[in-house]
Amino acid sequence: MHQLGIPFARVEMDIVHGATRTPEFLAKNPNGRIPTLELPDGTLLAESRAILF
Ligand SMILES: N[C@@H](CCC(=O)N[C@@H](CS)C(=O)NCC(=O)O)C(=O)O
């Protein structure tokens with residue numbers, strides 16, 4: 001996204017302490033993993049290769 005000049009906000013997730021296993025995060029990505037990309041319209045994308053594509 002840096003290379004394409006697409007603005008974004010990066011949110012640090014403390015995976016060691018379960019930040020990606022909370023109900024709030026699992027509602028965004030049921031796999032409970034990062035990266036997870038949230039678009040301005042609320043669309044959510046998981047899986048790094050899918051996000052890159
Ligand atoms: N296949 C996934 C793998 C993602 C993945 O394993 N992410 C790790 C961090 S690198 C993670 O979220 N681990 C937290 C956990 O499993 O609770 C992708 O390429 O996006």
# chains A, B, ... in the order shown; residues from 1 in each chain; ligands from 1
$ residues_near_ligand --ligand "ligand 1" --cutoff "8 Å" --atoms "only C-alpha atoms and all ligand atoms" --output "list in words"
Ile15, Val16, Gly18, Ala19, Thr20, Arg21, Asn31, Gly32, Arg33, Ile34, Pro35, Thr36, Ala46, Glu47, Ser48 and Arg49 of chain A
$ closest_residue --among "A:Ala50, A:Phe8, A:Met13, A:Asp41" --to "Phe25 of chain A" --atoms "only C-alpha atoms"
A:Met13
$ atom_distance --atom1 "atom CA of Gly5 of chain A" --atom2 "atom CA of Leu45 of chain A"
19.0 Å
$ select_by_dssp --residues "chain A" --states "strand (DSSP E)" --output "PyMOL selection string"
chain A and resi 36-38+44-46
$ write_last_selection --atoms "N, CA, C and O atoms" --output "CSV table (one decimal), in the first residue's frame"
chain,number,residue,atom,x,y,z
A,36,THR,N,-5.5,-8.5,8.7
A,36,THR,CA,-6.9,-8.3,8.3
A,36,THR,C,-7.0,-6.9,7.8
A,36,THR,O,-6.6,-6.0,8.5
A,37,LEU,N,-7.5,-6.7,6.6
A,37,LEU,CA,-7.7,-5.4,6.0
A,37,LEU,C,-9.1,-5.0,6.1
A,37,LEU,O,-10.0,-5.7,5.6
A,38,GLU,N,-9.4,-3.8,6.6
A,38,GLU,CA,-10.7,-3.2,6.7
A,38,GLU,C,-10.8,-2.0,5.8
A,38,GLU,O,-10.0,-1.1,5.9
A,44,LEU,N,-14.2,-6.4,4.8
A,44,LEU,CA,-13.1,-7.0,5.5
A,44,LEU,C,-12.4,-8.0,4.6
A,44,LEU,O,-13.1,-8.9,4.0
A,45,LEU,N,-11.1,-8.0,4.5
A,45,LEU,CA,-10.3,-9.0,3.8
A,45,LEU,C,-9.3,-9.6,4.7
A,45,LEU,O,-8.6,-9.0,5.4
A,46,ALA,N,-9.3,-11.0,4.6
A,46,ALA,CA,-8.3,-11.7,5.4
A,46,ALA,C,-7.3,-12.4,4.4
A,46,ALA,O,-7.6,-12.4,3.2
$ atom_distance --atom1 "atom CA of Thr22 of chain A" --atom2 "atom CA of Phe53 of chain A"
27.2 Å
$ atom_distance --atom1 "atom CA of Leu4 of chain A" --atom2 "atom CA of Ile51 of chain A"
13.4 Å
$ select_by_dssp --residues "chain A" --states "helix (DSSP H, G or I)" --output "ChimeraX atom specification"
/A:15-17,19-21,23-28,48-52
